[in-house]
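This is my_file36.cif (mmCIF, C-alpha atoms).
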data_model
loop_
_atom_site.label_atom_id
_atom_site.label_comp_id
_atom_site.auth_asym_id
_atom_site.auth_seq_id
_atom_site.Cartn_x
_atom_site.Cartn_y
_atom_site.Cartn_z
CA LYS A 30 0.00 0.00 0.00
CA ALA A 31 1.44 3.36 -0.97
CA GLY A 32 2.22 5.81 1.82
CA VAL A 33 1.27 9.44 2.13
CA THR A 34 2.44 11.36 -0.92
CA GLN A 35 3.19 15.04 -0.84
CA THR A 36 4.01 17.16 -3.86
CA PRO A 37 6.08 19.02 -4.68
CA ARG A 38 9.01 17.98 -2.51
CA TYR A 39 10.71 21.37 -2.71
CA LEU A 40 9.37 24.79 -3.58
CA ILE A 41 10.96 28.21 -3.82
CA LYS A 42 8.76 31.28 -3.91
CA THR A 43 9.16 35.00 -3.38
CA ARG A 44 7.36 37.21 -0.91
CA GLY A 45 3.83 38.10 -1.91
CA GLN A 46 3.30 35.06 -4.09
CA GLN A 47 0.88 32.28 -3.30
CA VAL A 48 1.52 28.55 -3.18
CA THR A 49 -0.51 25.34 -3.27
CA LEU A 50 0.72 22.11 -1.72
CA SER A 51 -0.82 18.73 -2.37
CA CYS A 52 -1.26 15.64 -0.22
CA SER A 53 -2.55 12.21 -1.19
CA PRO A 54 -3.37 10.09 1.87
CA ILE A 55 -3.01 6.37 2.22
CA SER A 56 -5.74 4.59 0.34
CA GLY A 57 -8.82 4.28 2.53
CA HIS A 58 -7.79 7.01 4.95
CA ARG A 59 -10.34 9.76 5.22
CA SER A 60 -8.64 12.16 7.61
CA VAL A 61 -5.85 14.50 6.56
CA SER A 62 -3.99 16.84 8.90
CA TRP A 63 -1.44 19.48 8.04
CA TYR A 64 1.47 20.60 10.20
CA GLN A 65 4.08 23.31 9.82
CA GLN A 66 7.56 22.43 11.05
CA THR A 67 10.21 25.06 11.73
CA PRO A 68 13.42 24.91 13.78
CA GLY A 69 12.17 27.58 16.16
CA GLN A 70 8.53 26.63 16.66
CA GLY A 71 8.70 22.90 16.08
CA LEU A 72 5.57 21.17 14.81
CA GLN A 73 2.46 23.31 14.75
CA PHE A 74 -0.97 22.14 13.72
CA LEU A 75 -2.58 23.88 10.77
CA PHE A 76 -5.86 22.09 10.11
CA GLU A 77 -7.57 18.75 9.80
CA TYR A 78 -10.04 17.57 7.20
CA PHE A 79 -12.35 14.60 7.29
CA SER A 80 -14.79 13.70 4.54
CA GLU A 81 -14.24 17.06 2.83
CA THR A 82 -15.06 19.02 6.00
CA GLN A 83 -12.61 21.00 8.08
CA ARG A 84 -12.76 19.53 11.56
CA ASN A 85 -10.18 21.59 13.40
CA LYS A 86 -8.07 24.62 12.67
CA GLY A 87 -4.89 25.80 14.30
CA ASN A 88 -3.91 29.33 15.23
CA PHE A 89 -2.67 30.49 11.86
CA PRO A 90 -3.75 33.58 9.92
CA GLY A 91 -6.39 33.40 7.24
CA ARG A 92 -3.68 33.37 4.56
CA PHE A 93 -3.44 29.66 5.29
CA SER A 94 -6.32 27.66 3.90
CA GLY A 95 -7.02 24.14 2.81
CA ARG A 96 -9.55 21.83 1.32
CA GLN A 97 -10.22 18.16 0.83
CA PHE A 98 -11.65 16.48 -2.20
CA SER A 99 -14.06 13.57 -2.46
CA ASN A 100 -11.15 11.15 -3.00
CA SER A 101 -9.63 12.37 0.30
CA ARG A 102 -6.76 14.16 -1.40
CA SER A 103 -6.06 17.48 0.24
CA GLU A 104 -4.48 20.75 -0.73
CA MET A 105 -3.31 23.63 1.36
CA ASN A 106 -2.84 27.13 0.06
CA VAL A 107 -0.81 29.98 1.43
CA SER A 108 -1.47 33.40 -0.04
CA THR A 109 0.68 36.53 0.17
CA LEU A 110 3.74 34.61 1.27
CA GLU A 111 5.97 36.01 3.99
CA LEU A 112 9.57 35.13 4.82
CA GLY A 113 8.37 33.48 8.01
CA ASP A 114 6.32 30.98 6.03
CA SER A 115 9.52 29.17 5.09
CA ALA A 116 9.09 25.75 6.64
CA LEU A 117 8.61 22.07 6.10
CA TYR A 118 4.90 21.39 5.62
CA LEU A 119 3.88 17.92 6.67
CA CYS A 120 0.70 16.12 5.82
CA ALA A 121 -0.55 13.19 7.88
CA SER A 122 -3.39 10.81 7.21
CA SER A 123 -5.41 8.50 9.41
CA LEU A 124 -8.47 6.32 9.09
CA TYR A 125 -10.66 8.40 11.35
CA ALA A 126 -10.77 11.92 12.69
CA SER A 127 -10.24 13.21 16.20
CA VAL A 128 -9.75 9.81 17.76
CA LYS A 129 -7.41 9.94 20.72
CA ASN A 130 -5.30 6.90 20.00
CA GLU A 131 -5.37 7.16 16.26
CA LYS A 132 -2.04 6.60 14.54
CA LEU A 133 -0.95 9.29 12.12
CA PHE A 134 0.96 8.40 8.97
CA PHE A 135 3.15 11.23 7.74
CA GLY A 136 4.36 12.14 4.30
CA SER A 137 7.92 13.33 3.65
CA GLY A 138 6.79 16.91 3.49
CA THR A 139 7.12 19.88 1.18
CA GLN A 140 10.05 22.15 1.95
CA LEU A 141 8.95 25.70 1.18
CA SER A 142 11.51 28.47 0.94
CA VAL A 143 10.31 32.05 0.67
CA LEU A 144 12.87 34.53 -0.64
CA ALA B 269 -4.42 22.20 28.93
CA GLN B 270 -2.21 19.47 27.62
CA SER B 271 1.46 20.08 26.89
CA VAL B 272 4.67 18.17 26.30
CA THR B 273 8.20 19.03 27.39
CA GLN B 274 11.23 17.26 26.03
CA LEU B 275 14.34 17.80 28.11
CA GLY B 276 17.42 18.31 25.97
CA SER B 277 17.24 19.47 22.38
CA HIS B 278 20.40 17.49 21.58
CA VAL B 279 21.59 14.19 23.02
CA SER B 280 24.81 12.50 21.99
CA VAL B 281 25.70 8.90 22.83
CA SER B 282 28.33 6.43 21.72
CA GLU B 283 27.41 3.44 19.65
CA GLY B 284 26.39 0.62 21.98
CA ALA B 285 25.52 2.96 24.85
CA LEU B 286 22.12 3.41 26.47
CA VAL B 287 19.77 5.88 24.83
CA LEU B 288 17.52 7.88 27.16
CA LEU B 289 15.30 10.63 25.77
CA ARG B 290 13.15 12.44 28.29
CA CYS B 291 9.55 13.51 27.94
CA ASN B 292 7.20 15.01 30.51
CA TYR B 293 3.60 15.76 29.83
CA SER B 294 0.83 17.79 31.32
CA SER B 295 -2.69 16.56 30.90
CA SER B 296 -5.95 17.11 32.73
CA VAL B 297 -7.25 13.75 31.56
CA PRO B 298 -5.62 10.32 31.23
CA PRO B 299 -3.22 10.88 28.37
CA TYR B 300 -2.52 8.95 25.22
CA LEU B 301 1.19 9.35 24.53
CA PHE B 302 3.31 8.79 21.46
CA TRP B 303 6.92 8.82 20.34
CA TYR B 304 7.66 9.63 16.71
CA VAL B 305 11.01 9.59 14.91
CA GLN B 306 12.05 11.77 12.01
CA TYR B 307 15.02 10.79 9.88
CA PRO B 308 16.70 13.52 7.79
CA ASN B 309 14.56 14.75 4.91
CA GLN B 310 11.68 12.48 5.86
CA GLY B 311 8.34 12.70 7.60
CA LEU B 312 7.55 11.38 11.06
CA GLN B 313 7.21 7.68 11.79
CA LEU B 314 5.47 6.23 14.83
CA LEU B 315 7.85 4.43 17.21
CA LEU B 316 5.36 3.48 19.90
CA LYS B 317 2.25 4.62 21.71
CA TYR B 318 0.71 4.32 25.15
CA THR B 319 -3.04 4.20 25.46
CA THR B 320 -4.09 2.12 28.47
CA GLY B 321 -2.91 -1.03 30.18
CA ALA B 322 0.73 -2.01 30.53
CA THR B 323 2.89 0.95 31.41
CA LEU B 324 5.97 -0.39 29.63
CA VAL B 325 5.44 -0.04 25.92
CA LYS B 326 7.65 -1.69 23.34
CA GLY B 327 8.08 -0.15 19.93
CA ILE B 328 9.96 -0.67 16.73
CA ASN B 329 13.74 -0.80 16.34
CA GLY B 330 14.30 -1.91 19.94
CA PHE B 331 12.88 1.22 21.57
CA GLU B 332 10.61 1.18 24.58
CA ALA B 333 9.03 3.75 26.85
CA GLU B 334 7.59 3.63 30.34
CA PHE B 335 4.53 5.59 31.37
CA LYS B 336 4.90 6.90 34.92
CA LYS B 337 1.78 8.68 36.04
CA SER B 338 3.28 9.82 39.36
CA GLU B 339 6.11 11.54 37.52
CA THR B 340 4.03 12.56 34.48
CA SER B 341 6.80 11.13 32.35
CA PHE B 342 7.08 8.98 29.25
CA HIS B 343 10.81 8.57 28.68
CA LEU B 344 12.12 6.71 25.63
CA THR B 345 14.96 4.22 26.02
CA LYS B 346 17.01 1.79 23.99
CA PRO B 347 19.65 -0.42 25.62
CA SER B 348 22.23 -0.17 22.86
CA ALA B 349 22.45 2.66 20.33
CA HIS B 350 23.13 2.02 16.65
CA MET B 351 24.43 4.51 14.15
CA SER B 352 21.12 4.19 12.32
CA ASP B 353 19.29 5.60 15.37
CA ALA B 354 20.62 9.09 14.63
CA ALA B 355 17.47 11.12 14.04
CA GLU B 356 15.13 13.57 15.72
CA TYR B 357 12.63 12.18 18.21
CA PHE B 358 9.31 13.75 19.11
CA CYS B 359 7.12 13.01 22.08
CA ALA B 360 3.43 13.81 21.64
CA VAL B 361 0.24 13.77 23.67
CA SER B 362 -3.15 13.20 22.16
CA VAL B 363 -5.88 15.75 22.58
CA TYR B 364 -9.37 15.59 21.25
CA GLY B 365 -9.45 18.01 18.37
CA GLY B 366 -9.59 21.74 18.87
CA SER B 367 -7.15 24.39 17.76
CA GLN B 368 -4.15 22.25 18.61
CA GLY B 369 -5.24 19.37 16.42
CA ASN B 370 -5.14 15.83 17.63
CA LEU B 371 -1.52 15.70 18.72
CA ILE B 372 0.59 18.19 20.65
CA PHE B 373 4.26 17.63 19.93
CA GLY B 374 7.28 18.41 22.02
CA LYS B 375 10.06 20.49 20.49
CA GLY B 376 12.04 17.37 19.64
CA THR B 377 15.35 15.87 20.68
CA LYS B 378 18.06 15.35 18.09
CA LEU B 379 20.00 12.17 18.80
CA SER B 380 23.58 11.84 17.59
CA VAL B 381 25.40 8.50 17.74
CA LYS B 382 29.18 8.54 17.81
CA PRO B 383 31.17 5.58 16.46
#

Rewrite the structure of this file - the entire thing - as C-alpha cells.
Amino acid sequence: KAGVTQTPRYLIKTRGQQVTLSCSPISGHRSVSWYQQTPGQGLQFLFEYFSETQRNKGNFPGRFSGRQFSNSRSEMNVSTLELGDSALYLCASSLYASVKNEKLFFGSGTQLSVL
Amino acid sequence: AQSVTQLGSHVSVSEGALVLLRCNYSSSVPPYLFWYVQYPNQGLQLLLKYTTGATLVKGINGFEAEFKKSETSFHLTKPSAHMSDAAEYFCAVSVYGGSQGNLIFGKGTKLSVKP
C-alpha cells in the first residue's frame, strides 16, 4: 500500500506570491492533517479535514487555507507569502478523525523556501 | 491544557551505549502518549504509543518507553544505540481536536550517535 504522498518535494517562492501544496493520503484514509515544522517553533498544527469538511483549525492567519476532495486528497494554500512561512509542511493521514489513539501516517513533506 | 516538554534538544551517545530521551507531559485527563522519529529529509514515523494497560510499551527498532503517572513522564529508552538511530525524536500527547489538532508535539530531541 502506498504511503502518504506530498508534492512538490521542494518549492521556492518569493514574498507576496501564493503557493498550493498537495497531499494524497493512504488509500482508505479519510482524515488528513497538516502541520508546519520550523526549527524555532517545532511542529504546529494547521488544520484537519475529514470527509471534505474542516474539523479543526490551528492558530494560523487566514492566509493559510485548505480543502479536501471527495477522493480524500487534500491541498493547502498559502497566499501573500511572507519570509516566516519558510518551513517544512507535513501532511498526515489516518483512518478516522479526532480519535485519541489514532495513529498518524506522515508524508515526507514539502520544503517551502520564501525569498 | 495538555502540553509536552522534552528535556534536551540534543543528546549524543556512543554506539552501543544506552539511549535515554526524556519527555514530561501535562494533561488534565488520562493521556494517550506517542513517540515519533524523524530521519533527515523524511516525515515522522510512529515508534510506539501508550493508550491504556501495561505501562511499559515496546516499539519498533528496539525502543521502549515507560509511562509513569506519578512523575508525568514517558521517557524513551534503547539499551544499545546504533548509528542508524541518529534522528530527531518527538514526544506527543493526544488531545481531542480543537485548535491544537489531535496531537501536541514536544520540540524534539536530536539524537547523535558517535562511532

Residues matched by the PyMOL selection byres ((chain A) within 8 of (chain B)), written as a list in words =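 That expression, the PyMOL selection byres ((chain A) within 8 of (chain B)), corresponds here to Gln70, Gly71, Leu72, Gln73, Phe74, Leu75, Phe76, Glu77, Arg84, Asn85, Lys86, Gly87, Asn88, Leu119, Ser127, Val128, Lys129, Asn130, Lys132, Leu133, Phe134, Phe135, Gly136, Ser137 and Gly138 of chain A.
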
Quick one: of A:Leu124, A:Val48, A:Ala116, A:Val61, who's nearest to Arg102 in chain A, counting all atoms listed in the file?
->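 Ranked by minimum distance to Arg102 in chain A, first place goes to A:Val61.
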
Quick one: pull the distance between CA of Gly69 in chain A and CA of Ala285 in chain B, Å, one decimal.
->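 Separating CA of Gly69 in chain A from CA of Ala285 in chain B is a distance of 29.3 Å.
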
Determine the residue set returned by the PyMOL selection byres ((chain B and resi 330-338) around 9) for the present structure, and present it as a CSV table (one decimal) with C-alpha atoms, in the coordinates of the input.
chain,number,residue,atom,x,y,z
B,287,VAL,CA,19.8,5.9,24.8
B,298,PRO,CA,-5.6,10.3,31.2
B,301,LEU,CA,1.2,9.4,24.5
B,303,TRP,CA,6.9,8.8,20.3
B,315,LEU,CA,7.8,4.4,17.2
B,316,LEU,CA,5.4,3.5,19.9
B,317,LYS,CA,2.2,4.6,21.7
B,318,TYR,CA,0.7,4.3,25.2
B,322,ALA,CA,0.7,-2.0,30.5
B,323,THR,CA,2.9,1.0,31.4
B,324,LEU,CA,6.0,-0.4,29.6
B,325,VAL,CA,5.4,0.0,25.9
B,326,LYS,CA,7.6,-1.7,23.3
B,327,GLY,CA,8.1,-0.2,19.9
B,328,ILE,CA,10.0,-0.7,16.7
B,329,ASN,CA,13.7,-0.8,16.3
B,339,GLU,CA,6.1,11.5,37.5
B,340,THR,CA,4.0,12.6,34.5
B,341,SER,CA,6.8,11.1,32.4
B,342,PHE,CA,7.1,9.0,29.2
B,343,HIS,CA,10.8,8.6,28.7
B,344,LEU,CA,12.1,6.7,25.6
B,345,THR,CA,15.0,4.2,26.0
B,346,LYS,CA,17.0,1.8,24.0
B,347,PRO,CA,19.6,-0.4,25.6
B,348,SER,CA,22.2,-0.2,22.9

At what distance in Å, to one decimal, does CA of Ser142 in chain A lie from CA of Gly45 in chain A?
->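 So the answer is 12.6 Å.
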
Let me know the residues the PyMOL selection byres ((chain A and resi 59) around 8) catches in the file above, as a ChimeraX atom specification.
-> /A:54,57-58,60-61,79-80,101,122-126

Using only C-alpha atoms, which residues sit within 9 Å of Gly276 in chain B once same-chain residues fewer than 2 positions away are excluded, as a list in words?
->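 Using only C-alpha atoms, the neighbours found are Gln274, His278, Val279, Leu289, Arg290, Gly376, Thr377 and Lys378 of chain B.
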
Missing atoms in range 300-312 of chain B need filling: write out N, CA and C atoms for it as a compact mmCIF listing (two decimals), in the coordinates of the input.
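The resulting file, rebuild_3.txt, is shown below:
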# COMPACT_ATOMS: atom_id res chain seq x y z
N TYR B 300 -3.05 9.90 26.19
CA TYR B 300 -2.52 8.95 25.22
C TYR B 300 -1.21 9.57 24.74
N LEU B 301 -0.14 8.80 24.79
CA LEU B 301 1.19 9.35 24.53
C LEU B 301 1.87 8.61 23.39
N PHE B 302 2.67 9.33 22.66
CA PHE B 302 3.31 8.79 21.46
C PHE B 302 4.77 9.23 21.40
N TRP B 303 5.58 8.42 20.77
CA TRP B 303 6.92 8.82 20.34
C TRP B 303 6.99 8.61 18.83
N TYR B 304 7.43 9.68 18.15
CA TYR B 304 7.66 9.63 16.71
C TYR B 304 9.13 9.89 16.44
N VAL B 305 9.64 9.35 15.33
CA VAL B 305 11.01 9.59 14.91
C VAL B 305 11.00 10.20 13.52
N GLN B 306 11.93 11.13 13.32
CA GLN B 306 12.05 11.77 12.01
C GLN B 306 13.50 11.65 11.54
N TYR B 307 13.70 10.90 10.47
CA TYR B 307 15.02 10.79 9.88
C TYR B 307 15.22 11.97 8.92
N PRO B 308 16.45 12.35 8.64
CA PRO B 308 16.70 13.52 7.79
C PRO B 308 15.93 13.46 6.48
N ASN B 309 15.31 14.59 6.17
CA ASN B 309 14.56 14.75 4.91
C ASN B 309 13.39 13.78 4.78
N GLN B 310 12.84 13.37 5.91
CA GLN B 310 11.68 12.48 5.86
C GLN B 310 10.60 12.98 6.80
N GLY B 311 9.43 12.39 6.69
CA GLY B 311 8.34 12.70 7.60
C GLY B 311 8.51 11.95 8.91
N LEU B 312 7.50 12.03 9.76
CA LEU B 312 7.55 11.38 11.06
C LEU B 312 7.02 9.95 10.96
